[in-house]
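Structure first, commentary second.
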Amino acid sequence: MTEKKLVYWFEEIGKEHNDMVGKKCANLGEMTRMGLAVPPGFALSLDAYRLFVQESGLASEMEHYVRQFGDLKGQGITVFDQMSQALRTMIEAGEIPGNLKTQILGYYEDLSHRLEMDNPAVSVRSAGTESRPGMFETYLNVRGQEDLLKKIKKVWASAYTSRAIAFRANKGFPILGDELGVAVPKMVNARASGITFTVDPVTADDSKILLEANWGLGEGVVSGAESVDGFVVDKETLEIAARHVGIKSKCVVYTEDGADWADVPPDMQGMPCISDEEIVEIAKVARSAEKTLNGPQDMEWAVDQDLAFPGSLFWLQTRPAKVAAKKKETAASHIADLIAKKLRGF
């Protein structure tokens, strides 16, 4: 009997596989098909999680545990905290079935061969079938077989944070309803990272492309915790129309246990973290993606410090941009406001 396939290379999947591997994985596959430079990696299907909970006996154990609480709608945070701790402990202590473990580690070994490096650093990211920004967890700079398997279980378990349980309870969704796929892309050794909008998310001006960037990993931008660089590019001419160089005193970098905030050296704090040629290339690719996908995009990218331009630019995410219903004004006149408000909030 042929063993069921539970793990896929990004190039094997696309947007039509959303329900099989989750939105983030399907999106990375679709971006790969489009020709965007996506870090190589693989995806665990939702069936991988289902096999894990079934063969380990966790499915019935978790169902029995949840049933004893009855109707959770309107319950306080104490109940959700208690349930979260119990369910996450069950999953993290569970044993991944041998056939699934073999597939996961086989893909990780093949990725090592593709990259010609032992135990390459990867990120381990949640991929639900519905978009729930910030609801589940991501683990960065994961290295080695043991750590990979451990972090995959932690991502599965993050479907049961107190916040996620409360969300489902108050919406009337099944408590055990969020089953997660897992994306495992190679980590980019990022000199700088950022986000790009092909429309001004505040003014709806679609004649400009907006960028935010910081040193290090992308979490230093999307968290909105530090001052960052901001740039406005004319969509037609690709000329840089406006720029704001923030005082970037902190950024997110690799650590031995993953990633964390670090101090930026004083001489780099007031320097632009990306060059003009990088700004233009990012805008050019984003413009092309908008055309291919037939709509304004919100994109995430990173510049690998180990590679030469333009091969150093990698794309980590693209999604339809959310635009506030406001009167159009020039993007250049609004750049200071955009930086202050953080594009991620729109």
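Residues are referred to by chain and number: the chain letter is A, B, ... according to the order shown in the structure tokens, the number counts from 1 in that chain, and ligands are numbered separately from 1 in the order shown.
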Write out, as a Markdown table, each residue of range 152-233 of chain A that has an atom at most 12 Å from range 286-301 of chain A, together with the closest pair of atoms and their distance in Å to one decimal, counting only C-alpha atoms, rows going by chain and rising number.
| residue | atom | partner | partner_atom | distance |
| --- | --- | --- | --- | --- |
| A:Met187 | CA | A:Trp301 | CA | 11.8 |
| A:Val188 | CA | A:Trp301 | CA | 9.6 |
| A:Asn189 | CA | A:Trp301 | CA | 11.9 |
| A:Ala190 | CA | A:Trp301 | CA | 9.5 |
| A:Arg191 | CA | A:Trp301 | CA | 11.3 |
| A:Ala192 | CA | A:Trp301 | CA | 8.8 |
| A:Ser193 | CA | A:Trp301 | CA | 5.7 |
| A:Gly194 | CA | A:Trp301 | CA | 5.6 |
| A:Ile195 | CA | A:Glu300 | CA | 4.4 |
| A:Thr196 | CA | A:Met299 | CA | 5.1 |
| A:Phe197 | CA | A:Asp298 | CA | 4.7 |
| A:Thr198 | CA | A:Pro296 | CA | 5.3 |
| A:Val199 | CA | A:Pro296 | CA | 5.9 |
| A:Asp200 | CA | A:Pro296 | CA | 9.4 |
| A:Pro201 | CA | A:Asp298 | CA | 9.2 |
| A:Ala204 | CA | A:Pro296 | CA | 9.8 |
| A:Asp205 | CA | A:Pro296 | CA | 10.6 |
| A:Asp206 | CA | A:Pro296 | CA | 7.9 |
| A:Ser207 | CA | A:Arg287 | CA | 10.4 |
| A:Lys208 | CA | A:Arg287 | CA | 9.7 |
| A:Ile209 | CA | A:Arg287 | CA | 7.9 |
| A:Leu210 | CA | A:Asp298 | CA | 9.6 |
| A:Leu211 | CA | A:Met299 | CA | 9.4 |
| A:Glu212 | CA | A:Glu300 | CA | 9.7 |
| A:Ala213 | CA | A:Trp301 | CA | 9.3 |
| A:Asn214 | CA | A:Trp301 | CA | 11.1 |
| A:Gly216 | CA | A:Trp301 | CA | 11.4 |
| A:Leu217 | CA | A:Trp301 | CA | 9.5 |
| A:Gly218 | CA | A:Trp301 | CA | 7.5 |
| A:Glu219 | CA | A:Glu300 | CA | 10.2 |
| A:Gly220 | CA | A:Glu300 | CA | 11.9 |
| A:Val221 | CA | A:Glu300 | CA | 9.7 |
| A:Val222 | CA | A:Glu300 | CA | 9.0 |
| A:Val233 | CA | A:Arg287 | CA | 10.5 |
Do you have, as CSV, the list of residues of range 121-225 of chain A lying at most 12 Å from range 62-72 of chain A, each with its nearest atom pair and that distance in Å to one decimal, counting only C-alpha atoms and ordered by chain then number?
residue,atom,partner,partner_atom,distance
A:Ala157,CA,A:Met62,CA,11.7
A:Tyr160,CA,A:Met62,CA,11.0
A:Ile165,CA,A:Leu72,CA,9.3
A:Ala166,CA,A:Leu72,CA,8.4
A:Phe167,CA,A:Leu72,CA,10.7
A:Arg168,CA,A:Leu72,CA,9.3
A:Ala169,CA,A:Leu72,CA,5.7
A:Asn170,CA,A:Leu72,CA,7.7
A:Lys171,CA,A:Leu72,CA,10.3
A:Gly172,CA,A:Leu72,CA,8.8
A:Phe173,CA,A:Leu72,CA,10.4
A:Pro174,CA,A:Val66,CA,10.0
A:Ile175,CA,A:Val66,CA,7.6
A:Leu176,CA,A:Glu63,CA,7.6
A:Gly177,CA,A:Glu63,CA,10.9
Running DSSP on the backbone, which parts of range 42-267 of chain A land in strand (DSSP E or B), as a PDB file with N, CA, C and O atoms, in the first residue's frame?
ATOM      1  N   PHE A  42       9.352  23.482   2.601  1.00  0.00           N
ATOM      2  CA  PHE A  42       8.293  22.497   2.431  1.00  0.00           C
ATOM      3  C   PHE A  42       7.134  22.775   3.376  1.00  0.00           C
ATOM      4  O   PHE A  42       7.236  23.608   4.289  1.00  0.00           O
ATOM      5  N   ALA A  43       6.034  22.095   3.114  1.00  0.00           N
ATOM      6  CA  ALA A  43       4.785  22.332   3.844  1.00  0.00           C
ATOM      7  C   ALA A  43       4.238  21.014   4.387  1.00  0.00           C
ATOM      8  O   ALA A  43       4.228  20.001   3.686  1.00  0.00           O
ATOM      9  N   LEU A  44       3.774  21.045   5.630  1.00  0.00           N
ATOM     10  CA  LEU A  44       3.046  19.924   6.214  1.00  0.00           C
ATOM     11  C   LEU A  44       1.556  20.169   6.024  1.00  0.00           C
ATOM     12  O   LEU A  44       1.050  21.251   6.345  1.00  0.00           O
ATOM     13  N   VAL A 122      15.765  27.076   9.623  1.00  0.00           N
ATOM     14  CA  VAL A 122      14.455  27.267   8.998  1.00  0.00           C
ATOM     15  C   VAL A 122      13.557  28.014   9.974  1.00  0.00           C
ATOM     16  O   VAL A 122      13.841  28.108  11.175  1.00  0.00           O
ATOM     17  N   SER A 123      12.468  28.564   9.454  1.00  0.00           N
ATOM     18  CA  SER A 123      11.402  29.052  10.325  1.00  0.00           C
ATOM     19  C   SER A 123      10.272  28.040  10.265  1.00  0.00           C
ATOM     20  O   SER A 123      10.124  27.319   9.276  1.00  0.00           O
ATOM     21  N   VAL A 124       9.499  27.961  11.333  1.00  0.00           N
ATOM     22  CA  VAL A 124       8.384  27.019  11.413  1.00  0.00           C
ATOM     23  C   VAL A 124       7.139  27.847  11.687  1.00  0.00           C
ATOM     24  O   VAL A 124       6.990  28.435  12.754  1.00  0.00           O
ATOM     25  N   ARG A 125       6.242  27.910  10.667  1.00  0.00           N
ATOM     26  CA  ARG A 125       5.151  28.883  10.674  1.00  0.00           C
ATOM     27  C   ARG A 125       3.794  28.195  10.536  1.00  0.00           C
ATOM     28  O   ARG A 125       3.650  27.231   9.800  1.00  0.00           O
ATOM     29  N   SER A 126       2.805  28.722  11.225  1.00  0.00           N
ATOM     30  CA  SER A 126       1.455  28.165  11.178  1.00  0.00           C
ATOM     31  C   SER A 126       0.773  28.515   9.868  1.00  0.00           C
ATOM     32  O   SER A 126       1.034  29.564   9.279  1.00  0.00           O
ATOM     33  N   ALA A 127      -0.126  27.619   9.409  1.00  0.00           N
ATOM     34  CA  ALA A 127      -0.862  27.843   8.166  1.00  0.00           C
ATOM     35  C   ALA A 127      -2.272  27.294   8.319  1.00  0.00           C
ATOM     36  O   ALA A 127      -2.527  26.122   8.040  1.00  0.00           O
ATOM     37  N   THR A 138       4.900  31.459  15.490  1.00  0.00           N
ATOM     38  CA  THR A 138       5.982  31.217  14.539  1.00  0.00           C
ATOM     39  C   THR A 138       7.272  31.044  15.323  1.00  0.00           C
ATOM     40  O   THR A 138       7.486  31.735  16.329  1.00  0.00           O
ATOM     41  N   TYR A 139       8.131  30.145  14.854  1.00  0.00           N
ATOM     42  CA  TYR A 139       9.426  29.926  15.500  1.00  0.00           C
ATOM     43  C   TYR A 139      10.526  30.143  14.472  1.00  0.00           C
ATOM     44  O   TYR A 139      10.467  29.610  13.359  1.00  0.00           O
ATOM     45  N   LEU A 140      11.520  30.945  14.840  1.00  0.00           N
ATOM     46  CA  LEU A 140      12.583  31.346  13.933  1.00  0.00           C
ATOM     47  C   LEU A 140      13.896  30.660  14.278  1.00  0.00           C
ATOM     48  O   LEU A 140      14.121  30.259  15.423  1.00  0.00           O
ATOM     49  N   ASN A 141      14.759  30.545  13.245  1.00  0.00           N
ATOM     50  CA  ASN A 141      16.116  30.018  13.428  1.00  0.00           C
ATOM     51  C   ASN A 141      16.089  28.637  14.082  1.00  0.00           C
ATOM     52  O   ASN A 141      16.796  28.375  15.050  1.00  0.00           O
ATOM     53  N   VAL A 142      15.274  27.761  13.545  1.00  0.00           N
ATOM     54  CA  VAL A 142      15.159  26.381  14.046  1.00  0.00           C
ATOM     55  C   VAL A 142      16.187  25.532  13.314  1.00  0.00           C
ATOM     56  O   VAL A 142      16.243  25.520  12.077  1.00  0.00           O
ATOM     57  N   GLY A 181      -1.839  23.599   9.083  1.00  0.00           N
ATOM     58  CA  GLY A 181      -0.699  23.182   8.301  1.00  0.00           C
ATOM     59  C   GLY A 181       0.530  23.898   8.841  1.00  0.00           C
ATOM     60  O   GLY A 181       0.428  24.793   9.681  1.00  0.00           O
ATOM     61  N   VAL A 182       1.703  23.504   8.366  1.00  0.00           N
ATOM     62  CA  VAL A 182       2.942  24.116   8.849  1.00  0.00           C
ATOM     63  C   VAL A 182       3.854  24.404   7.661  1.00  0.00           C
ATOM     64  O   VAL A 182       4.118  23.520   6.836  1.00  0.00           O
ATOM     65  N   ALA A 183       4.324  25.637   7.561  1.00  0.00           N
ATOM     66  CA  ALA A 183       5.299  26.028   6.538  1.00  0.00           C
ATOM     67  C   ALA A 183       6.695  25.993   7.139  1.00  0.00           C
ATOM     68  O   ALA A 183       6.916  26.487   8.248  1.00  0.00           O
ATOM     69  N   VAL A 184       7.640  25.393   6.385  1.00  0.00           N
ATOM     70  CA  VAL A 184       9.022  25.278   6.871  1.00  0.00           C
ATOM     71  C   VAL A 184       9.971  25.817   5.792  1.00  0.00           C
ATOM     72  O   VAL A 184      10.596  25.052   5.047  1.00  0.00           O
ATOM     73  N   PRO A 185      10.081  27.144   5.652  1.00  0.00           N
ATOM     74  CA  PRO A 185      11.029  27.730   4.695  1.00  0.00           C
ATOM     75  C   PRO A 185      12.403  27.944   5.320  1.00  0.00           C
ATOM     76  O   PRO A 185      12.527  28.117   6.539  1.00  0.00           O
ATOM     77  N   LYS A 186      13.427  27.942   4.455  1.00  0.00           N
ATOM     78  CA  LYS A 186      14.771  28.290   4.910  1.00  0.00           C
ATOM     79  C   LYS A 186      14.759  29.716   5.455  1.00  0.00           C
ATOM     80  O   LYS A 186      14.130  30.609   4.899  1.00  0.00           O
ATOM     81  N   ALA A 190      19.062  37.700   7.051  1.00  0.00           N
ATOM     82  CA  ALA A 190      18.663  39.027   6.588  1.00  0.00           C
ATOM     83  C   ALA A 190      19.557  40.148   7.111  1.00  0.00           C
ATOM     84  O   ALA A 190      19.720  40.312   8.313  1.00  0.00           O
ATOM     85  N   ARG A 191      20.098  40.919   6.165  1.00  0.00           N
ATOM     86  CA  ARG A 191      20.728  42.186   6.530  1.00  0.00           C
ATOM     87  C   ARG A 191      19.652  43.208   6.850  1.00  0.00           C
ATOM     88  O   ARG A 191      19.765  44.015   7.769  1.00  0.00           O
ATOM     89  N   ALA A 192      18.563  43.160   6.059  1.00  0.00           N
ATOM     90  CA  ALA A 192      17.426  44.056   6.256  1.00  0.00           C
ATOM     91  C   ALA A 192      16.178  43.353   5.764  1.00  0.00           C
ATOM     92  O   ALA A 192      16.238  42.448   4.933  1.00  0.00           O
ATOM     93  N   SER A 193      15.032  43.777   6.298  1.00  0.00           N
ATOM     94  CA  SER A 193      13.747  43.193   5.918  1.00  0.00           C
ATOM     95  C   SER A 193      12.697  44.289   5.934  1.00  0.00           C
ATOM     96  O   SER A 193      12.899  45.363   6.524  1.00  0.00           O
ATOM     97  N   GLY A 194      11.556  43.991   5.312  1.00  0.00           N
ATOM     98  CA  GLY A 194      10.520  45.003   5.341  1.00  0.00           C
ATOM     99  C   GLY A 194       9.214  44.561   4.737  1.00  0.00           C
ATOM    100  O   GLY A 194       9.014  43.386   4.405  1.00  0.00           O
ATOM    101  N   ILE A 195       8.319  45.523   4.593  1.00  0.00           N
ATOM    102  CA  ILE A 195       7.008  45.313   4.000  1.00  0.00           C
ATOM    103  C   ILE A 195       6.799  46.339   2.899  1.00  0.00           C
ATOM    104  O   ILE A 195       7.377  47.433   2.929  1.00  0.00           O
ATOM    105  N   THR A 196       6.001  45.970   1.923  1.00  0.00           N
ATOM    106  CA  THR A 196       5.743  46.834   0.768  1.00  0.00           C
ATOM    107  C   THR A 196       4.263  46.813   0.438  1.00  0.00           C
ATOM    108  O   THR A 196       3.651  45.734   0.402  1.00  0.00           O
ATOM    109  N   PHE A 197       3.709  47.990   0.213  1.00  0.00           N
ATOM    110  CA  PHE A 197       2.323  48.113  -0.232  1.00  0.00           C
ATOM    111  C   PHE A 197       2.324  48.702  -1.638  1.00  0.00           C
ATOM    112  O   PHE A 197       3.008  49.698  -1.890  1.00  0.00           O
ATOM    113  N   LYS A 208       1.463  55.043  -6.234  1.00  0.00           N
ATOM    114  CA  LYS A 208       2.723  54.940  -5.514  1.00  0.00           C
ATOM    115  C   LYS A 208       2.867  53.555  -4.867  1.00  0.00           C
ATOM    116  O   LYS A 208       1.887  52.870  -4.594  1.00  0.00           O
ATOM    117  N   ILE A 209       4.124  53.187  -4.611  1.00  0.00           N
ATOM    118  CA  ILE A 209       4.449  51.974  -3.867  1.00  0.00           C
ATOM    119  C   ILE A 209       5.163  52.414  -2.597  1.00  0.00           C
ATOM    120  O   ILE A 209       6.080  53.249  -2.642  1.00  0.00           O
ATOM    121  N   LEU A 210       4.735  51.882  -1.449  1.00  0.00           N
ATOM    122  CA  LEU A 210       5.296  52.284  -0.162  1.00  0.00           C
ATOM    123  C   LEU A 210       6.094  51.137   0.455  1.00  0.00           C
ATOM    124  O   LEU A 210       5.667  49.979   0.402  1.00  0.00           O
ATOM    125  N   LEU A 211       7.243  51.475   1.025  1.00  0.00           N
ATOM    126  CA  LEU A 211       8.097  50.484   1.683  1.00  0.00           C
ATOM    127  C   LEU A 211       8.396  50.915   3.111  1.00  0.00           C
ATOM    128  O   LEU A 211       8.583  52.112   3.374  1.00  0.00           O
ATOM    129  N   GLU A 212       8.462  49.956   4.020  1.00  0.00           N
ATOM    130  CA  GLU A 212       9.020  50.147   5.361  1.00  0.00           C
ATOM    131  C   GLU A 212      10.100  49.105   5.561  1.00  0.00           C
ATOM    132  O   GLU A 212       9.942  47.955   5.127  1.00  0.00           O
ATOM    133  N   ALA A 213      11.193  49.479   6.215  1.00  0.00           N
ATOM    134  CA  ALA A 213      12.307  48.547   6.355  1.00  0.00           C
ATOM    135  C   ALA A 213      13.077  48.806   7.640  1.00  0.00           C
ATOM    136  O   ALA A 213      13.086  49.921   8.171  1.00  0.00           O
ATOM    137  N   ASN A 214      13.738  47.747   8.118  1.00  0.00           N
ATOM    138  CA  ASN A 214      14.609  47.849   9.284  1.00  0.00           C
ATOM    139  C   ASN A 214      15.761  46.870   9.086  1.00  0.00           C
ATOM    140  O   ASN A 214      15.694  45.954   8.259  1.00  0.00           O
ATOM    141  N   TRP A 215      16.812  47.057   9.852  1.00  0.00           N
ATOM    142  CA  TRP A 215      17.888  46.079   9.870  1.00  0.00           C
ATOM    143  C   TRP A 215      17.352  44.749  10.395  1.00  0.00           C
ATOM    144  O   TRP A 215      16.395  44.710  11.165  1.00  0.00           O
ATOM    145  N   GLY A 216      18.003  43.660  10.011  1.00  0.00           N
ATOM    146  CA  GLY A 216      17.692  42.354  10.590  1.00  0.00           C
ATOM    147  C   GLY A 216      16.445  41.699  10.022  1.00  0.00           C
ATOM    148  O   GLY A 216      16.061  41.927   8.870  1.00  0.00           O
ATOM    149  N   ASP A 229      12.773  52.784   8.502  1.00  0.00           N
ATOM    150  CA  ASP A 229      12.905  53.587   7.296  1.00  0.00           C
ATOM    151  C   ASP A 229      11.636  53.470   6.464  1.00  0.00           C
ATOM    152  O   ASP A 229      11.010  52.402   6.416  1.00  0.00           O
ATOM    153  N   GLY A 230      11.269  54.556   5.781  1.00  0.00           N
ATOM    154  CA  GLY A 230      10.107  54.529   4.909  1.00  0.00           C
ATOM    155  C   GLY A 230      10.424  55.182   3.577  1.00  0.00           C
ATOM    156  O   GLY A 230      11.145  56.183   3.518  1.00  0.00           O
ATOM    157  N   PHE A 231       9.905  54.596   2.495  1.00  0.00           N
ATOM    158  CA  PHE A 231      10.176  55.104   1.158  1.00  0.00           C
ATOM    159  C   PHE A 231       8.901  55.079   0.324  1.00  0.00           C
ATOM    160  O   PHE A 231       8.066  54.199   0.487  1.00  0.00           O
ATOM    161  N   VAL A 232       8.761  56.054  -0.566  1.00  0.00           N
ATOM    162  CA  VAL A 232       7.648  56.112  -1.506  1.00  0.00           C
ATOM    163  C   VAL A 232       8.233  56.092  -2.910  1.00  0.00           C
ATOM    164  O   VAL A 232       9.128  56.883  -3.228  1.00  0.00           O
ATOM    165  N   VAL A 233       7.739  55.186  -3.747  1.00  0.00           N
ATOM    166  CA  VAL A 233       8.243  55.023  -5.109  1.00  0.00           C
ATOM    167  C   VAL A 233       7.099  55.264  -6.089  1.00  0.00           C
ATOM    168  O   VAL A 233       5.994  54.731  -5.908  1.00  0.00           O
ATOM    169  N   ASP A 234       7.355  56.058  -7.121  1.00  0.00           N
ATOM    170  CA  ASP A 234       6.367  56.263  -8.167  1.00  0.00           C
ATOM    171  C   ASP A 234       6.175  54.949  -8.927  1.00  0.00           C
ATOM    172  O   ASP A 234       7.145  54.366  -9.423  1.00  0.00           O
ATOM    173  N   ILE A 240      12.212  57.203  -6.797  1.00  0.00           N
ATOM    174  CA  ILE A 240      11.942  57.342  -5.364  1.00  0.00           C
ATOM    175  C   ILE A 240      11.422  58.754  -5.122  1.00  0.00           C
ATOM    176  O   ILE A 240      12.139  59.748  -5.305  1.00  0.00           O
ATOM    177  N   ALA A 241      10.156  58.845  -4.733  1.00  0.00           N
ATOM    178  CA  ALA A 241       9.490  60.141  -4.601  1.00  0.00           C
ATOM    179  C   ALA A 241       9.683  60.776  -3.236  1.00  0.00           C
ATOM    180  O   ALA A 241       9.625  61.994  -3.088  1.00  0.00           O
ATOM    181  N   ALA A 242       9.880  59.970  -2.207  1.00  0.00           N
ATOM    182  CA  ALA A 242      10.059  60.489  -0.848  1.00  0.00           C
ATOM    183  C   ALA A 242      10.737  59.431  -0.009  1.00  0.00           C
ATOM    184  O   ALA A 242      10.660  58.239  -0.302  1.00  0.00           O
ATOM    185  N   ARG A 243      11.405  59.888   1.048  1.00  0.00           N
ATOM    186  CA  ARG A 243      12.082  58.942   1.935  1.00  0.00           C
ATOM    187  C   ARG A 243      12.111  59.487   3.352  1.00  0.00           C
ATOM    188  O   ARG A 243      12.121  60.691   3.580  1.00  0.00           O
ATOM    189  N   HIS A 244      12.091  58.569   4.299  1.00  0.00           N
ATOM    190  CA  HIS A 244      12.225  58.908   5.713  1.00  0.00           C
ATOM    191  C   HIS A 244      13.168  57.890   6.333  1.00  0.00           C
ATOM    192  O   HIS A 244      12.888  56.682   6.293  1.00  0.00           O
ATOM    193  N   LYS A 250      16.995  49.462  17.505  1.00  0.00           N
ATOM    194  CA  LYS A 250      16.904  48.025  17.763  1.00  0.00           C
ATOM    195  C   LYS A 250      16.419  47.296  16.519  1.00  0.00           C
ATOM    196  O   LYS A 250      15.709  47.871  15.682  1.00  0.00           O
ATOM    197  N   CYS A 251      16.812  46.032  16.410  1.00  0.00           N
ATOM    198  CA  CYS A 251      16.324  45.184  15.328  1.00  0.00           C
ATOM    199  C   CYS A 251      16.265  43.749  15.835  1.00  0.00           C
ATOM    200  O   CYS A 251      16.793  43.436  16.912  1.00  0.00           O
ATOM    201  N   VAL A 252      15.625  42.879  15.081  1.00  0.00           N
ATOM    202  CA  VAL A 252      15.518  41.465  15.457  1.00  0.00           C
ATOM    203  C   VAL A 252      16.590  40.676  14.707  1.00  0.00           C
ATOM    204  O   VAL A 252      16.728  40.803  13.485  1.00  0.00           O
ATOM    205  N   VAL A 253      17.356  39.878  15.438  1.00  0.00           N
ATOM    206  CA  VAL A 253      18.457  39.105  14.847  1.00  0.00           C
ATOM    207  C   VAL A 253      18.391  37.661  15.334  1.00  0.00           C
ATOM    208  O   VAL A 253      17.692  37.325  16.292  1.00  0.00           O
ATOM    209  N   TYR A 254      19.137  36.800  14.644  1.00  0.00           N
ATOM    210  CA  TYR A 254      19.299  35.416  15.096  1.00  0.00           C
ATOM    211  C   TYR A 254      19.890  35.378  16.497  1.00  0.00           C
ATOM    212  O   TYR A 254      20.748  36.188  16.847  1.00  0.00           O
ATOM    213  N   THR A 255      19.443  34.418  17.289  1.00  0.00           N
ATOM    214  CA  THR A 255      20.099  34.095  18.549  1.00  0.00           C
ATOM    215  C   THR A 255      20.279  32.580  18.597  1.00  0.00           C
ATOM    216  O   THR A 255      19.763  31.857  17.739  1.00  0.00           O
ATOM    217  N   GLY A 258      16.857  31.040  18.766  1.00  0.00           N
ATOM    218  CA  GLY A 258      15.812  31.499  17.860  1.00  0.00           C
ATOM    219  C   GLY A 258      16.112  32.882  17.329  1.00  0.00           C
ATOM    220  O   GLY A 258      16.994  33.075  16.498  1.00  0.00           O
ATOM    221  N   ALA A 259      15.383  33.871  17.824  1.00  0.00           N
ATOM    222  CA  ALA A 259      15.584  35.260  17.406  1.00  0.00           C
ATOM    223  C   ALA A 259      15.125  36.182  18.525  1.00  0.00           C
ATOM    224  O   ALA A 259      14.239  35.834  19.307  1.00  0.00           O
ATOM    225  N   ASP A 260      15.735  37.367  18.590  1.00  0.00           N
ATOM    226  CA  ASP A 260      15.377  38.316  19.649  1.00  0.00           C
ATOM    227  C   ASP A 260      15.823  39.713  19.232  1.00  0.00           C
ATOM    228  O   ASP A 260      16.591  39.890  18.290  1.00  0.00           O
ATOM    229  N   TRP A 261      15.332  40.698  19.983  1.00  0.00           N
ATOM    230  CA  TRP A 261      15.738  42.085  19.759  1.00  0.00           C
ATOM    231  C   TRP A 261      17.198  42.288  20.159  1.00  0.00           C
ATOM    232  O   TRP A 261      17.673  41.687  21.126  1.00  0.00           O
ATOM    233  N   ALA A 262      17.894  43.117  19.398  1.00  0.00           N
ATOM    234  CA  ALA A 262      19.283  43.452  19.703  1.00  0.00           C
ATOM    235  C   ALA A 262      19.496  44.933  19.410  1.00  0.00           C
ATOM    236  O   ALA A 262      18.757  45.547  18.635  1.00  0.00           O
ATOM    237  N   ASP A 263      20.521  45.519  20.016  1.00  0.00           N
ATOM    238  CA  ASP A 263      20.856  46.918  19.773  1.00  0.00           C
ATOM    239  C   ASP A 263      21.530  47.069  18.411  1.00  0.00           C
ATOM    240  O   ASP A 263      22.393  46.258  18.036  1.00  0.00           O
TER     241      ASP A 263
END
With a cut-off of 10 Å, could you pull out the residues of range 126-201 of chain A touching range 94-101 of chain A and give me the nearest pair of atoms for each, distance in Å to one decimal, using only C-alpha atoms, ordered by chain and ascending number, as a Markdown table?
| residue | atom | partner | partner_atom | distance |
| --- | --- | --- | --- | --- |
| A:Gln145 | CA | A:Lys101 | CA | 9.7 |
| A:Leu149 | CA | A:Lys101 | CA | 7.9 |
| A:Lys150 | CA | A:Ile96 | CA | 9.7 |
| A:Ile152 | CA | A:Ile96 | CA | 9.9 |
| A:Lys153 | CA | A:Gly94 | CA | 8.1 |
**Asked** Could you pull out the helix (DSSP H, G or I) residues of range 6-177 of chain A from DSSP and send them as a ChimeraX atom specification?
**Response** /A:10-12,15-21,23-34,46-55,58-67,77-93,98-115,145-160,162-171
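In terms of minimum interatomic distance to Gly35 in chain A, A:Glu11 ranks closest within A:Glu11, A:Asp267, A:Asp81, A:Lys154, counting only C-alpha atoms.
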**Prompt:** Which value, in Å to one decimal, gives the distance between CA of Leu313 in chain A and CA of Met271 in chain A?
**Reply:** 19.3 Å
**Prompt:** Which is closer to Ile282 in chain A than all the others in A:Gly134, A:Gly128, A:Ala324, A:Ala37, using only C-alpha atoms?
**Reply:** A:Ala37
**Item:** Point-to-point distance in Å for CA of Asp19 in chain A and CA of Gln54 in chain A
**Value:**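 So the answer is 19.0 Å.
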